[in-house]
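**Q** Dropping in work.cif, which is mmCIF, C-alpha atoms:
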```
data_upload
#
loop_
_atom_site.label_atom_id
_atom_site.label_comp_id
_atom_site.auth_asym_id
_atom_site.auth_seq_id
_atom_site.Cartn_x
_atom_site.Cartn_y
_atom_site.Cartn_z
CA MET A 310 -41.11 -49.23 -35.47
CA LEU A 311 -37.92 -47.22 -34.94
CA ALA A 312 -37.30 -44.07 -36.89
CA THR A 313 -33.87 -43.79 -38.41
CA THR A 314 -32.04 -40.76 -39.68
CA PRO A 315 -29.53 -40.85 -42.47
CA SER A 316 -25.97 -40.92 -41.22
CA THR A 317 -23.52 -38.26 -42.31
CA HIS A 318 -20.57 -40.60 -41.68
CA LYS A 319 -19.23 -42.91 -44.33
CA PRO A 320 -19.99 -46.52 -43.52
CA ALA A 321 -17.10 -48.48 -42.12
CA ARG A 322 -15.78 -51.11 -44.43
CA SER A 323 -13.47 -53.97 -43.85
CA ILE A 324 -10.53 -54.02 -46.19
CA HIS A 325 -8.68 -57.22 -46.73
CA PRO A 326 -4.97 -56.75 -47.57
CA ARG A 327 -5.53 -58.21 -51.03
CA HIS A 328 -8.58 -56.07 -51.73
CA PRO A 329 -7.98 -53.76 -54.73
CA SER A 330 -8.98 -50.65 -52.74
CA CYS A 331 -6.50 -51.39 -49.97
CA PRO A 332 -3.85 -48.67 -49.79
CA ARG A 333 -0.40 -49.75 -50.81
CA PRO A 334 1.80 -50.50 -47.82
CA GLN A 335 4.19 -47.77 -46.83
CA PRO A 336 7.58 -49.34 -46.16
CA GLU A 337 8.57 -46.99 -43.34
CA SER A 338 5.66 -45.25 -41.67
CA ARG A 339 5.77 -43.82 -38.18
CA ARG A 340 3.00 -44.58 -35.73
CA SER A 341 1.83 -40.96 -35.91
CA ASP A 342 1.60 -41.18 -39.72
CA ILE A 343 -0.44 -44.36 -39.49
CA ALA A 344 -2.74 -42.86 -36.85
CA ARG A 345 -3.34 -39.82 -39.07
CA ARG A 346 -4.06 -41.96 -42.17
CA LEU A 347 -6.49 -44.13 -40.22
CA CYS A 348 -8.04 -41.15 -38.38
CA VAL A 349 -7.48 -42.77 -34.99
CA ALA A 350 -5.66 -41.75 -31.82
CA GLY A 351 -1.97 -42.57 -31.50
CA SER A 352 -2.70 -45.03 -28.70
CA THR A 353 -5.18 -46.87 -30.93
CA ALA A 354 -2.65 -47.02 -33.76
CA HIS A 355 -0.07 -48.37 -31.30
CA ARG A 356 -2.46 -51.08 -30.11
CA LEU A 357 -3.31 -52.07 -33.69
CA LEU A 358 0.34 -52.16 -34.73
CA THR A 359 1.23 -54.25 -31.69
CA MET A 360 -1.47 -56.75 -32.61
CA LEU A 361 -0.35 -56.83 -36.25
CA GLY A 362 3.26 -57.23 -35.14
CA SER A 363 2.39 -60.21 -32.94
CA ARG A 364 0.99 -61.88 -36.06
CA GLY A 365 4.05 -61.06 -38.15
CA LEU A 366 2.20 -58.66 -40.44
CA VAL A 367 4.28 -55.61 -39.56
CA GLU A 368 7.69 -55.23 -38.07
CA LYS A 369 9.12 -52.51 -35.94
CA LYS A 370 12.28 -50.94 -37.18
CA PRO A 371 14.73 -50.05 -34.41
CA ALA A 372 14.64 -46.37 -33.52
CA ILE A 373 17.55 -44.32 -34.73
CA ARG A 374 18.62 -41.90 -32.06
CA GLN A 375 20.21 -38.72 -33.17
CA ALA A 376 23.26 -38.23 -31.05
CA LYS A 377 24.91 -34.91 -30.65
CA ARG A 378 28.34 -34.82 -32.21
CA ARG A 379 30.94 -35.54 -29.57
CA ARG A 380 33.44 -32.92 -28.63
CA PRO A 381 36.88 -33.64 -27.18
CA THR A 382 37.04 -33.71 -23.39
CA HIS A 383 39.43 -30.77 -23.12
CA CYS A 384 37.18 -28.30 -24.96
CA SER A 385 33.67 -29.25 -23.84
CA SER A 386 31.94 -28.37 -20.60
CA THR A 387 30.50 -31.89 -20.30
CA GLY A 388 33.90 -33.49 -20.91
CA LYS A 389 35.55 -31.33 -18.28
CA ALA A 390 32.70 -31.94 -15.79
CA ILE A 391 33.16 -35.71 -16.08
CA ALA A 392 36.97 -35.68 -16.30
CA ALA A 393 37.15 -33.73 -13.05
CA PHE A 394 35.77 -36.78 -11.23
CA ASP A 395 37.07 -39.57 -13.50
CA PRO A 396 40.88 -39.82 -13.25
CA ALA A 397 41.07 -42.44 -16.02
CA LEU A 398 39.30 -40.15 -18.49
CA ALA A 399 41.52 -37.22 -17.53
CA ALA A 400 44.64 -39.37 -17.96
CA ALA A 401 43.46 -40.59 -21.37
CA ARG A 402 42.90 -36.99 -22.50
CA ARG A 403 46.37 -35.93 -21.33
CA ALA A 404 47.91 -38.91 -23.16
CA ALA A 405 46.03 -38.08 -26.36
CA GLY A 406 47.00 -34.42 -26.19
CA CYS A 407 44.82 -31.34 -26.46
CA PRO A 408 44.54 -30.29 -30.10
CA PRO A 409 43.22 -26.75 -30.61
CA ARG A 410 39.71 -26.23 -31.99
CA THR A 411 39.52 -22.44 -31.57
CA ASP A 412 41.80 -19.68 -30.30
CA THR A 413 40.51 -20.24 -26.74
CA THR A 414 40.84 -24.05 -26.61
CA ILE A 415 42.94 -25.53 -23.81
CA CYS A 416 46.02 -26.81 -25.65
CA THR A 417 48.49 -27.97 -23.00
CA ALA A 418 48.38 -30.74 -20.42
CA SER A 419 49.13 -28.28 -17.61
CA ASP A 420 46.22 -26.03 -18.65
CA PHE A 421 44.01 -29.11 -18.85
CA GLU A 422 45.03 -30.06 -15.29
CA GLN A 423 43.75 -26.70 -14.04
CA ALA A 424 40.28 -27.14 -15.60
CA PRO A 425 39.25 -30.28 -13.62
CA ALA A 426 40.65 -28.75 -10.43
CA GLN A 427 38.45 -25.68 -10.96
CA VAL A 428 35.43 -27.91 -11.65
CA ARG A 429 36.00 -29.76 -8.37
CA ARG A 430 36.12 -26.40 -6.52
CA THR A 431 33.07 -24.81 -8.17
CA GLY A 432 30.93 -27.88 -8.98
CA TYR A 433 30.45 -26.93 -12.63
CA ALA A 434 32.46 -26.71 -15.85
CA THR A 435 32.42 -24.07 -18.56
CA ASN A 436 33.21 -23.88 -22.23
CA LEU A 437 33.59 -20.31 -23.45
CA GLY A 438 34.11 -20.67 -27.19
CA GLU A 439 36.62 -23.50 -26.76
CA ALA A 440 34.87 -25.92 -29.11
CA ILE A 441 32.92 -23.55 -31.39
CA VAL A 442 33.66 -19.86 -31.79
CA GLY A 443 30.87 -17.78 -30.27
CA SER A 444 29.24 -20.56 -28.26
CA ALA A 445 29.21 -20.98 -24.51
CA ALA A 446 28.18 -23.81 -22.22
CA VAL A 447 28.03 -24.72 -18.57
CA ALA A 448 27.76 -28.31 -17.32
CA ALA A 449 27.41 -30.25 -14.08
CA ARG A 450 28.22 -33.91 -13.56
CA ALA A 451 25.66 -36.68 -13.16
CA LEU A 452 26.51 -39.64 -10.94
CA ASP A 453 25.69 -43.31 -11.31
CA ARG A 454 24.54 -45.46 -8.36
CA SER A 455 28.11 -46.03 -7.22
CA GLY A 456 28.79 -42.27 -7.11
CA ARG A 457 30.97 -42.28 -10.25
CA ALA A 458 30.61 -39.43 -12.75
CA CYS A 459 28.99 -41.10 -15.76
CA ALA A 460 27.39 -38.20 -17.64
CA ALA A 461 26.87 -34.46 -17.47
CA VAL A 462 23.98 -32.08 -17.97
CA SER A 463 24.81 -29.07 -20.08
CA LEU A 464 23.24 -25.75 -21.06
CA VAL A 465 24.53 -24.38 -24.35
CA THR A 466 24.06 -20.97 -25.96
#
```
As a first step, turn the structure in this file into structure tokens.
**A**
Amino acid sequence: MLATTPSTHKPARSIHPRHPSCPRPQPESRRSDIARRLCVAGSTAHRLLTMLGSRGLVEKKPAIRQAKRRRPTHCSSTGKAIAAFDPALAAARRAAGCPPRTDTTICTASDFEQAPAQVRRTGYATNLGEAIVGSAAVAARALDRSGRACAAVSLVT
């Protein structure tokens, strides 16, 4: 005969969705919230949600990405870094004009022409309070597979 010791863990129970003790569904729960409520690892919660989703019992809401507010090309380091190597973008900015944002914003087409030329010489663009008073940024271009400037990496203070 086997000796048994009393368990300190609560016994697992199967809860059917219509069972009165089943928690009410949360309309918009993140995977991490579900993992915490079920006391399981995030990967386990993901696997369970994937299985439930395949049966139509849960649905995944598209992720909402928080995008940084865009700044005009003429007063952002990223905009200048890309415009220096994208003539169409630079031409569009000149055509749209360069409205001032701060006292140090580039405001004329001729001043804007100098910024991309400097970026091509140095390899990086700066923004010294041109978009927001008291802020500074430096950016370098990122290239796509064809060698076209498609984005920029920026450090902001």
**Q** Kindly resolve the PyMOL selection byres ((chain A and resi 395) around 12) on the present coordinates and return the residues as number ranges by chain.
**A** A: 382, 388-394, 396-402, 425-426, 428-429, 450-452, 456-460
**Q** Select, from A:Val367, A:Leu464, A:Cys407, A:Ile415, the residue with the minimum atom-to-atom distance to Ser444 of chain A, counting all atoms listed in the file.
**A**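 Answer, going by the shortest atom-to-atom distance: A:Leu464.
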**Q** So, counting all atoms listed in the file, which residue among A:Ala418, A:Ala424, A:Cys384, A:Leu357 is closest to Ala446 of chain A?
**A**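 When distances to Ala446 of chain A are compared using all atoms listed in the file, the smallest one comes from A:Cys384.
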**Q** Point out the residue among A:Ala434, A:Leu361, A:Val465, A:Ile441 with the least atom-to-atom distance to Thr411 of chain A, counting all atoms listed in the file.
**A**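 Closest to Thr411 of chain A of all the choices is A:Ile441.
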**Q** Between atom CA of Thr417 of chain A and atom CA of Ala404 of chain A, what is the distance, to one decimal in Å?
**A**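 Computed distance, atom CA of Thr417 of chain A to atom CA of Ala404 of chain A, equals 11.0 Å.
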**Q** Go ahead and compute the interatomic distance for atom CA of Glu422 of chain A and atom CA of Gly443 of chain A, in Å to one decimal.
**A**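 Spanning atom CA of Glu422 of chain A to atom CA of Gly443 of chain A is a straight-line distance of 24.0 Å.
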**Q** Just so the selection is clear, what residues does the PyMOL selection byres ((chain A and resi 437) around 9) cover here, as a list in words?
**A**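 Checking the PyMOL selection byres ((chain A and resi 437) around 9) against this file, the residues are Cys384, Ser385, Ser386, Thr413, Thr414, Thr435, Asn436, Gly438, Glu439, Ala440, Ile441, Val442, Gly443, Ser444, Ala445, Ala446 and Val447 of chain A.
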**Q** For the file shown, report as JSON, numbers by chain the outcome of the PyMOL selection byres ((chain A and resi 354) around 12) at residue level.
**A** {"A": [338, 339, 340, 341, 342, 343, 344, 345, 346, 347, 348, 349, 350, 351, 352, 353, 355, 356, 357, 358, 359, 360, 361, 362]}
**Q** Calculate how many Å separate atom CA of Ala461 of chain A from atom CA of Phe421 of chain A, rounding to one decimal.
**A** 18.0 Å
**Q** With distances taken over only C-alpha atoms, which of A:Pro408, A:Arg379, A:Thr387, A:Gln427 is nearest to Val462 of chain A?
**A**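 Comparing A:Pro408, A:Arg379, A:Thr387, A:Gln427 against Val462 of chain A, the winner is A:Thr387.
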**Q** From the set A:Ser463, A:Gly406, A:Asp453, A:Asp412, which residue has the shortest atom-to-atom contact distance to Tyr433 of chain A, counting only C-alpha atoms?
**A**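 Looking only at the distances to Tyr433 of chain A, the closest residue turns out to be A:Ser463.
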**Q** Can you rebuild segment 442-461 of chain A with N, CA and C atoms and give it as a short mmCIF file (atom, residue, chain, number, x, y, z; two decimals), keeping the file's coordinate frame?
**A**
```
data_model
loop_
_atom_site.label_atom_id
_atom_site.label_comp_id
_atom_site.auth_asym_id
_atom_site.auth_seq_id
_atom_site.Cartn_x
_atom_site.Cartn_y
_atom_site.Cartn_z
N VAL A 442 33.54 -21.30 -31.99
CA VAL A 442 33.66 -19.86 -31.79
C VAL A 442 32.27 -19.26 -31.59
N GLY A 443 32.13 -18.47 -30.53
CA GLY A 443 30.87 -17.78 -30.27
C GLY A 443 29.88 -18.54 -29.42
N SER A 444 30.17 -19.80 -29.10
CA SER A 444 29.24 -20.56 -28.26
C SER A 444 29.75 -20.58 -26.83
N ALA A 445 28.84 -20.86 -25.91
CA ALA A 445 29.21 -20.98 -24.51
C ALA A 445 28.35 -22.08 -23.89
N ALA A 446 28.92 -22.74 -22.88
CA ALA A 446 28.18 -23.81 -22.22
C ALA A 446 28.64 -23.92 -20.77
N VAL A 447 27.73 -24.41 -19.96
CA VAL A 447 28.03 -24.72 -18.57
C VAL A 447 27.46 -26.11 -18.32
N ALA A 448 28.20 -26.93 -17.55
CA ALA A 448 27.76 -28.31 -17.32
C ALA A 448 28.03 -28.72 -15.88
N ALA A 449 27.22 -29.64 -15.39
CA ALA A 449 27.41 -30.25 -14.08
C ALA A 449 27.37 -31.76 -14.26
N ARG A 450 28.13 -32.46 -13.44
CA ARG A 450 28.22 -33.91 -13.56
C ARG A 450 26.95 -34.60 -13.09
N ALA A 451 26.74 -35.79 -13.61
CA ALA A 451 25.66 -36.68 -13.16
C ALA A 451 26.34 -37.95 -12.67
N LEU A 452 25.87 -38.47 -11.55
CA LEU A 452 26.51 -39.64 -10.94
C LEU A 452 25.69 -40.90 -11.16
N ASP A 453 26.39 -42.04 -11.27
CA ASP A 453 25.69 -43.31 -11.31
C ASP A 453 25.44 -43.78 -9.88
N ARG A 454 24.88 -44.97 -9.71
CA ARG A 454 24.54 -45.46 -8.36
C ARG A 454 25.74 -45.63 -7.45
N SER A 455 26.91 -45.85 -8.05
CA SER A 455 28.11 -46.03 -7.22
C SER A 455 28.76 -44.69 -6.87
N GLY A 456 28.23 -43.59 -7.39
CA GLY A 456 28.79 -42.27 -7.11
C GLY A 456 29.83 -41.83 -8.12
N ARG A 457 30.01 -42.60 -9.19
CA ARG A 457 30.97 -42.28 -10.25
C ARG A 457 30.33 -41.33 -11.25
N ALA A 458 31.10 -40.35 -11.72
CA ALA A 458 30.61 -39.43 -12.75
C ALA A 458 30.46 -40.20 -14.05
N CYS A 459 29.24 -40.30 -14.56
CA CYS A 459 28.99 -41.10 -15.76
C CYS A 459 28.43 -40.27 -16.90
N ALA A 460 27.97 -39.06 -16.61
CA ALA A 460 27.39 -38.20 -17.64
C ALA A 460 27.40 -36.78 -17.09
N ALA A 461 26.96 -35.85 -17.91
CA ALA A 461 26.87 -34.46 -17.47
C ALA A 461 25.65 -33.83 -18.12
#
```
